[in-house]
>>> print(open('entry_23.txt').read())   # compact mmCIF, C-alpha atoms
# COMPACT_ATOMS: atom_id res chain seq x y z
CA MET R 38 -33.23 17.36 29.32
CA LYS R 39 -30.52 15.16 27.78
CA SER R 40 -28.57 12.95 30.09
CA ALA R 41 -24.95 13.97 30.69
CA VAL R 42 -23.97 10.29 30.98
CA THR R 43 -21.94 9.08 28.01
CA PRO R 44 -23.57 6.06 26.36
CA ARG R 45 -21.79 2.78 26.99
CA SER R 46 -20.98 2.37 23.29
CA GLU R 47 -19.32 5.78 23.17
CA LYS R 48 -17.32 4.99 26.29
CA THR R 49 -16.18 1.75 24.69
CA ARG R 50 -15.15 3.54 21.49
CA GLN R 51 -13.16 6.09 23.46
CA PHE R 52 -11.52 3.36 25.53
CA ILE R 53 -10.45 1.54 22.36
CA ILE R 54 -9.09 4.75 20.83
CA GLU R 55 -7.12 5.74 23.93
CA THR R 56 -5.72 2.22 24.33
CA ALA R 57 -4.87 1.80 20.65
CA ALA R 58 -3.29 5.25 20.20
CA PRO R 59 0.11 4.53 21.81
CA ILE R 60 0.25 1.08 20.19
CA PHE R 61 -0.18 2.48 16.68
CA ASN R 62 2.33 5.22 17.47
CA LYS R 63 4.97 2.74 18.60
CA LYS R 64 4.37 -0.12 16.18
CA GLY R 65 2.94 1.73 13.20
CA TYR R 66 -0.14 0.92 11.15
CA ALA R 67 1.36 -2.09 9.40
CA GLY R 68 3.01 -3.40 12.56
CA THR R 69 -0.11 -3.22 14.70
CA SER R 70 -2.34 -6.29 14.48
CA MET R 71 -5.86 -6.90 15.67
CA SER R 72 -4.32 -9.31 18.18
CA ASP R 73 -2.36 -6.38 19.63
CA LEU R 74 -5.57 -4.43 20.03
CA THR R 75 -7.57 -7.28 21.55
CA ALA R 76 -4.75 -8.06 23.99
CA ALA R 77 -4.42 -4.42 25.07
CA THR R 78 -8.13 -3.70 25.39
CA GLY R 79 -9.25 -7.08 26.69
CA LEU R 80 -12.03 -6.98 24.09
CA THR R 81 -12.83 -9.48 21.38
CA LYS R 82 -12.25 -8.73 17.72
CA GLY R 83 -16.03 -8.70 17.33
CA SER R 84 -16.37 -6.03 20.02
CA ILE R 85 -13.79 -3.83 18.30
CA TYR R 86 -15.40 -4.30 14.90
CA GLY R 87 -18.73 -3.53 16.52
CA ASN R 88 -17.41 -0.03 17.22
CA PHE R 89 -15.19 0.54 14.17
CA ARG R 90 -15.40 -0.54 10.56
CA ASP R 91 -11.94 -2.11 10.51
CA LYS R 92 -8.36 -1.65 11.70
CA ASN R 93 -7.97 1.29 9.37
CA ASP R 94 -10.85 3.07 11.10
CA VAL R 95 -9.27 2.49 14.51
CA ALA R 96 -5.92 3.78 13.23
CA VAL R 97 -7.42 7.00 11.89
CA HIS R 98 -9.19 7.75 15.17
CA ALA R 99 -6.07 6.79 17.17
CA PHE R 100 -3.91 9.17 15.15
CA ARG R 101 -6.42 11.99 15.60
CA HIS R 102 -6.37 11.30 19.35
CA ASN R 103 -2.56 11.46 19.43
CA ILE R 104 -2.55 14.75 17.54
CA ASP R 105 -5.23 16.21 19.79
CA LEU R 106 -3.12 15.40 22.87
CA ILE R 107 -0.15 17.35 21.51
CA PHE R 108 -2.15 20.26 20.16
CA ASP R 109 -4.11 20.57 23.41
CA PHE R 110 -0.85 20.74 25.35
CA PHE R 111 0.61 23.47 23.15
CA SER R 112 -2.67 25.36 23.06
CA LYS R 113 -2.41 25.71 26.84
CA GLU R 114 1.26 26.69 26.63
CA LEU R 115 0.50 29.43 24.10
CA LYS R 116 -2.50 30.66 26.06
CA ALA R 117 -0.33 31.05 29.16
CA ALA R 118 2.18 33.26 27.32
CA ASP R 119 1.58 37.00 27.63
CA SER R 120 3.25 38.21 24.42
CA THR R 121 3.71 37.20 20.81
CA LEU R 122 7.36 36.45 21.48
CA GLY R 123 6.40 34.37 24.50
CA LYS R 124 3.90 32.41 22.41
CA LEU R 125 6.53 31.63 19.77
CA LEU R 126 8.95 30.55 22.48
CA ALA R 127 6.22 28.30 23.89
CA TYR R 128 6.93 25.79 21.12
CA PRO R 129 10.57 24.97 21.92
CA ARG R 130 10.03 25.48 25.64
CA GLY R 131 6.96 23.26 25.52
CA PHE R 132 8.90 20.51 23.77
CA ARG R 133 11.53 20.70 26.50
CA LYS R 134 8.74 19.92 28.98
CA ILE R 135 6.96 17.28 26.97
CA TYR R 136 9.77 15.40 25.21
CA PRO R 137 10.23 12.69 27.91
CA MET R 138 6.57 11.76 27.47
CA VAL R 139 6.84 11.94 23.67
CA LEU R 140 9.85 9.61 23.66
CA SER R 141 8.20 7.13 26.02
CA TYR R 142 5.11 7.30 23.82
CA GLY R 143 7.16 6.14 20.85
CA GLY R 144 8.09 9.51 19.37
CA CYS R 145 6.20 12.28 17.66
CA PRO R 146 3.00 10.84 16.11
CA ILE R 147 3.10 13.34 13.25
CA LEU R 148 6.58 12.25 12.19
CA ASN R 149 6.02 8.54 12.88
CA THR R 150 2.79 8.42 10.93
CA GLY R 151 3.99 10.67 8.13
CA VAL R 152 7.08 8.55 7.45
CA GLU R 153 5.27 5.21 7.59
CA ALA R 154 2.19 6.33 5.66
CA ASP R 155 4.11 8.17 2.95
CA ASP R 156 3.64 5.40 0.38
CA THR R 157 1.30 3.05 2.21
CA HIS R 158 -1.69 4.90 3.68
CA ALA R 159 -3.04 7.94 1.85
CA VAL R 160 -5.52 8.95 4.55
CA LEU R 161 -3.01 8.92 7.40
CA ARG R 162 -0.42 10.66 5.23
CA LYS R 163 -2.91 13.42 4.46
CA MET R 164 -3.74 13.78 8.16
CA ALA R 165 -0.06 14.00 9.11
CA ALA R 166 0.56 16.58 6.39
CA GLY R 167 -2.45 18.54 7.61
CA ALA R 168 -1.14 18.56 11.18
CA LEU R 169 2.23 19.89 10.01
CA SER R 170 0.54 22.50 7.84
CA GLY R 171 -1.57 23.67 10.78
CA TRP R 172 1.51 23.92 12.99
CA LYS R 173 3.36 25.91 10.33
CA GLN R 174 0.40 28.27 9.89
CA SER R 175 0.32 28.89 13.64
CA ILE R 176 4.02 29.83 13.70
CA VAL R 177 3.69 31.98 10.58
CA ALA R 178 0.78 33.88 12.16
CA LEU R 179 2.82 34.51 15.31
CA ILE R 180 5.82 35.79 13.35
CA GLU R 181 3.66 38.05 11.21
CA ASN R 182 1.97 39.43 14.33
CA GLY R 183 5.38 39.96 15.91
CA ARG R 184 6.59 41.89 12.87
CA SER R 185 3.54 44.13 12.91
CA GLU R 186 4.08 44.80 16.62
CA GLY R 187 7.75 45.58 16.09
CA ALA R 188 8.85 42.63 18.23
CA PHE R 189 10.49 40.85 15.27
CA ARG R 190 12.68 42.20 12.51
CA SER R 191 10.79 43.37 9.43
CA ASP R 192 13.00 41.30 7.11
CA VAL R 193 12.16 37.97 8.74
CA GLU R 194 10.56 35.55 6.26
CA ALA R 195 7.78 33.90 8.25
CA GLY R 196 7.31 30.78 6.15
CA ASN R 197 10.99 29.86 5.97
CA THR R 198 11.49 30.53 9.67
CA ALA R 199 8.49 28.36 10.58
CA GLU R 200 9.77 25.47 8.48
CA VAL R 201 13.24 25.59 10.02
CA LEU R 202 11.83 25.73 13.55
CA ILE R 203 9.64 22.71 12.88
CA ALA R 204 12.53 20.84 11.26
CA LEU R 205 14.76 21.52 14.25
CA ILE R 206 12.23 20.28 16.77
CA GLU R 207 11.07 17.25 14.79
CA GLY R 208 14.64 16.35 13.81
CA GLY R 209 15.80 16.54 17.40
CA CYS R 210 12.89 14.37 18.47
CA VAL R 211 13.51 11.58 15.95
CA LEU R 212 17.29 11.53 16.56
CA ALA R 213 16.76 11.36 20.33
CA LYS R 214 14.36 8.47 19.81
CA VAL R 215 16.64 6.54 17.45
CA THR R 216 19.83 6.99 19.49
CA GLY R 217 18.39 7.12 22.98
CA GLU R 218 20.40 10.32 23.51
CA THR R 219 18.19 13.14 24.78
CA SER R 220 20.95 15.62 23.97
CA TYR R 221 19.71 15.64 20.37
CA MET R 222 16.34 16.95 21.49
CA LEU R 223 17.77 19.42 23.99
CA ASN R 224 20.31 20.82 21.54
CA ALA R 225 17.64 21.18 18.87
CA VAL R 226 15.38 23.05 21.27
CA ASP R 227 18.27 25.30 22.31
CA ALA R 228 18.96 26.05 18.64
CA ALA R 229 15.29 26.85 18.07
CA GLU R 230 15.30 29.29 20.98
CA THR R 231 18.48 30.92 19.67
CA MET R 232 16.89 31.26 16.24
CA ILE R 233 13.88 33.00 17.80
CA GLN R 234 16.26 35.25 19.74
CA GLU R 235 17.95 36.25 16.50
CA ILE R 236 14.74 37.41 14.81
CA CYS R 237 13.93 39.80 17.67
CA SER R 238 14.14 43.45 16.73
CA ASP R 239 15.30 44.43 20.21
CA SER R 240 17.46 42.05 22.23
CA GLY R 241 16.37 43.91 25.34
CA ASN R 242 12.95 42.33 24.95
CA ILE R 243 14.26 38.78 25.13
CA PRO R 244 12.68 36.99 28.12
CA ASP R 245 14.74 35.56 30.94
CA GLY R 246 16.04 32.09 30.31
CA ILE R 247 17.56 32.75 26.88
CA SER R 248 21.23 33.60 26.76
CA THR R 249 22.61 36.26 24.46
>>> encode(input="entry_23.txt", output="structure tokens")
Amino acid sequence: MKSAVTPRSEKTRQFIIETAAPIFNKKGYAGTSMSDLTAATGLTKGSIYGNFRDKNDVAVHAFRHNIDLIFDFFSKELKAADSTLGKLLAYPRGFRKIYPMVLSYGGCPILNTGVEADDTHAVLRKMAAGALSGWKQSIVALIENGRSEGAFRSDVEAGNTAEVLIALIEGGCVLAKVTGETSYMLNAVDAAETMIQEICSDSGNIPDGIST
């Protein structure tokens, strides 16, 4: 029988990833130095390089960790919803819950990494684009399910709606981070909820908590 105890090397790798993740998210790939990582982890450069090929390798794993944290949170939010409409609403409502943590963490890792890596880091840019694509596909699937169930209007264009919802939430997040005014995030989330309300085929099915 295999031991359930995680090998020390794997524990060290995970410790480095979890410690480095918020640093990369706040300072960016270019702005994060090996000195930042050694200071935060208390490990030597040799110890870090003994677990990862280079800083790039740490950055890739740190970004994946940041994305997993967000996706795990929303996976639970969607699972708790009992209807297609409720699952779609879980995105703006979830951001209302999580945005203080996101802001203190340095902002949305997808947006931060995507902007910085656009012309500087092809691997991270591809990962950020993949995360956005996966998010869009999830929303599109919910809208298409809602149309087939009769919960959403038949003329709703799923792809366009998904892109606008994502733009609202991400835009609100970055503006709140830049200005320090959380009203940007809250107003964006309110607008996203209103948009979802407007694609409903029957306003009588709108859950409590959304004004008409």
>>> closest_atom_pairs(input="entry_23.txt", of="region 163-222 of chain R", to="region 79-97 of chain R", cutoff="12 Å", atoms="only C-alpha atoms", output="CSV")
residue,atom,partner,partner_atom,distance
R:Lys163,CA,R:Val97,CA,10.8
R:Met164,CA,R:Val97,CA,8.6
R:Ala165,CA,R:Val97,CA,10.5
>>> write_last_selection(input="entry_23.txt", atoms="C-alpha atoms", output="mmCIF file, in the frame of the given file")
data_model
loop_
_atom_site.group_PDB
_atom_site.id
_atom_site.type_symbol
_atom_site.label_atom_id
_atom_site.label_comp_id
_atom_site.auth_asym_id
_atom_site.auth_seq_id
_atom_site.Cartn_x
_atom_site.Cartn_y
_atom_site.Cartn_z
ATOM 1 C CA LYS R 163 -2.910 13.420 4.460
ATOM 2 C CA MET R 164 -3.740 13.780 8.160
ATOM 3 C CA ALA R 165 -0.060 14.000 9.110
#
>>> residues_around(input="entry_23.txt", residues="region 153-160 of chain R", least_positions_apart="5", cutoff="12 Å", atoms="only C-alpha atoms", output="list in words")
Phe61, Asn62, Lys63, Lys64, Gly65, Tyr66, Ala67, Gly68, Asn93, Asp94, Ala96, Val97, His98, Phe100, Arg101, Pro146, Ile147, Leu148, Ala165, Ala166 and Gly167 of chain R
>>> atom_distance(input="entry_23.txt", atom1="CA of Glu55 (chain R)", atom2="CA of Tyr142 (chain R)")
12.3 Å
>>> atom_distance(input="entry_23.txt", atom1="CA of Met71 (chain R)", atom2="CA of Glu47 (chain R)")
20.0 Å
>>> residues_around(input="entry_23.txt", residues="region 172-181 of chain R", least_positions_apart="5", cutoff="7 Å", atoms="all atoms listed in the file", output="ChimeraX atom specification")
/R:121,125,195-196,199-200
>>> closest_residue(input="entry_23.txt", among="R:Leu122, R:Val215, R:Ala168, R:Ile203", to="Glu235 (chain R)", atoms="only C-alpha atoms")
R:Leu122
>>> closest_residue(input="entry_23.txt", among="R:Met222, R:Ile233, R:Val211, R:Ile53", to="Lys134 (chain R)", atoms="all atoms listed in the file")
R:Met222
>>> atom_distance(input="entry_23.txt", atom1="CA of Glu186 (chain R)", atom2="CA of Gly123 (chain R)")
13.3 Å
>>> axis_aligned_box(input="entry_23.txt", around="region 197-205 of chain R", padding_each_side="5 Å", output="JSON")
{"center_x": 11.6, "center_y": 25.7, "center_z": 10.1, "size_x": 16.3, "size_y": 19.7, "size_z": 18.3}
>>> residues_around(input="entry_23.txt", residues="Ala188 (chain R)", least_positions_apart="5", cutoff="6 Å", atoms="all atoms listed in the file", output="list in words")
Gly183, Cys237 and Ser238 of chain R
>>> closest_residue(input="entry_23.txt", among="R:Leu140, R:Leu161, R:Ser70, R:Leu106", to="Leu212 (chain R)", atoms="only C-alpha atoms")
R:Leu140
>>> residues_around(input="entry_23.txt", residues="Phe111 (chain R)", least_positions_apart="2", cutoff="12 Å", atoms="all atoms listed in the file", output="PDB file with C-alpha atoms, keeping the file's coordinate frame")
ATOM      1  CA  ILE R 104      -2.550  14.750  17.540  1.00  0.00           C
ATOM      2  CA  ASP R 105      -5.230  16.210  19.790  1.00  0.00           C
ATOM      3  CA  LEU R 106      -3.120  15.400  22.870  1.00  0.00           C
ATOM      4  CA  ILE R 107      -0.150  17.350  21.510  1.00  0.00           C
ATOM      5  CA  PHE R 108      -2.150  20.260  20.160  1.00  0.00           C
ATOM      6  CA  ASP R 109      -4.110  20.570  23.410  1.00  0.00           C
ATOM      7  CA  LYS R 113      -2.410  25.710  26.840  1.00  0.00           C
ATOM      8  CA  GLU R 114       1.260  26.690  26.630  1.00  0.00           C
ATOM      9  CA  LEU R 115       0.500  29.430  24.100  1.00  0.00           C
ATOM     10  CA  LYS R 116      -2.500  30.660  26.060  1.00  0.00           C
ATOM     11  CA  ALA R 117      -0.330  31.050  29.160  1.00  0.00           C
ATOM     12  CA  ALA R 118       2.180  33.260  27.320  1.00  0.00           C
ATOM     13  CA  LYS R 124       3.900  32.410  22.410  1.00  0.00           C
ATOM     14  CA  LEU R 125       6.530  31.630  19.770  1.00  0.00           C
ATOM     15  CA  LEU R 126       8.950  30.550  22.480  1.00  0.00           C
ATOM     16  CA  ALA R 127       6.220  28.300  23.890  1.00  0.00           C
ATOM     17  CA  TYR R 128       6.930  25.790  21.120  1.00  0.00           C
ATOM     18  CA  PRO R 129      10.570  24.970  21.920  1.00  0.00           C
ATOM     19  CA  ARG R 130      10.030  25.480  25.640  1.00  0.00           C
ATOM     20  CA  GLY R 131       6.960  23.260  25.520  1.00  0.00           C
ATOM     21  CA  PHE R 132       8.900  20.510  23.770  1.00  0.00           C
ATOM     22  CA  ARG R 133      11.530  20.700  26.500  1.00  0.00           C
ATOM     23  CA  LYS R 134       8.740  19.920  28.980  1.00  0.00           C
ATOM     24  CA  ILE R 135       6.960  17.280  26.970  1.00  0.00           C
ATOM     25  CA  TRP R 172       1.510  23.920  12.990  1.00  0.00           C
ATOM     26  CA  SER R 175       0.320  28.890  13.640  1.00  0.00           C
ATOM     27  CA  ILE R 176       4.020  29.830  13.700  1.00  0.00           C
TER      28      ILE R 176
END
>>> closest_residue(input="entry_23.txt", among="R:Ser141, R:Asn182, R:Thr150, R:Asn103", to="Ser120 (chain R)", atoms="only C-alpha atoms")
R:Asn182
>>> closest_residue(input="entry_23.txt", among="R:Gly151, R:Gly171, R:Gly143, R:Gly209", to="Ile60 (chain R)", atoms="all atoms listed in the file")
R:Gly143
>>> closest_residue(input="entry_23.txt", among="R:Ala76, R:Leu205, R:Ala57, R:Ile236", to="Tyr221 (chain R)", atoms="all atoms listed in the file")
R:Leu205
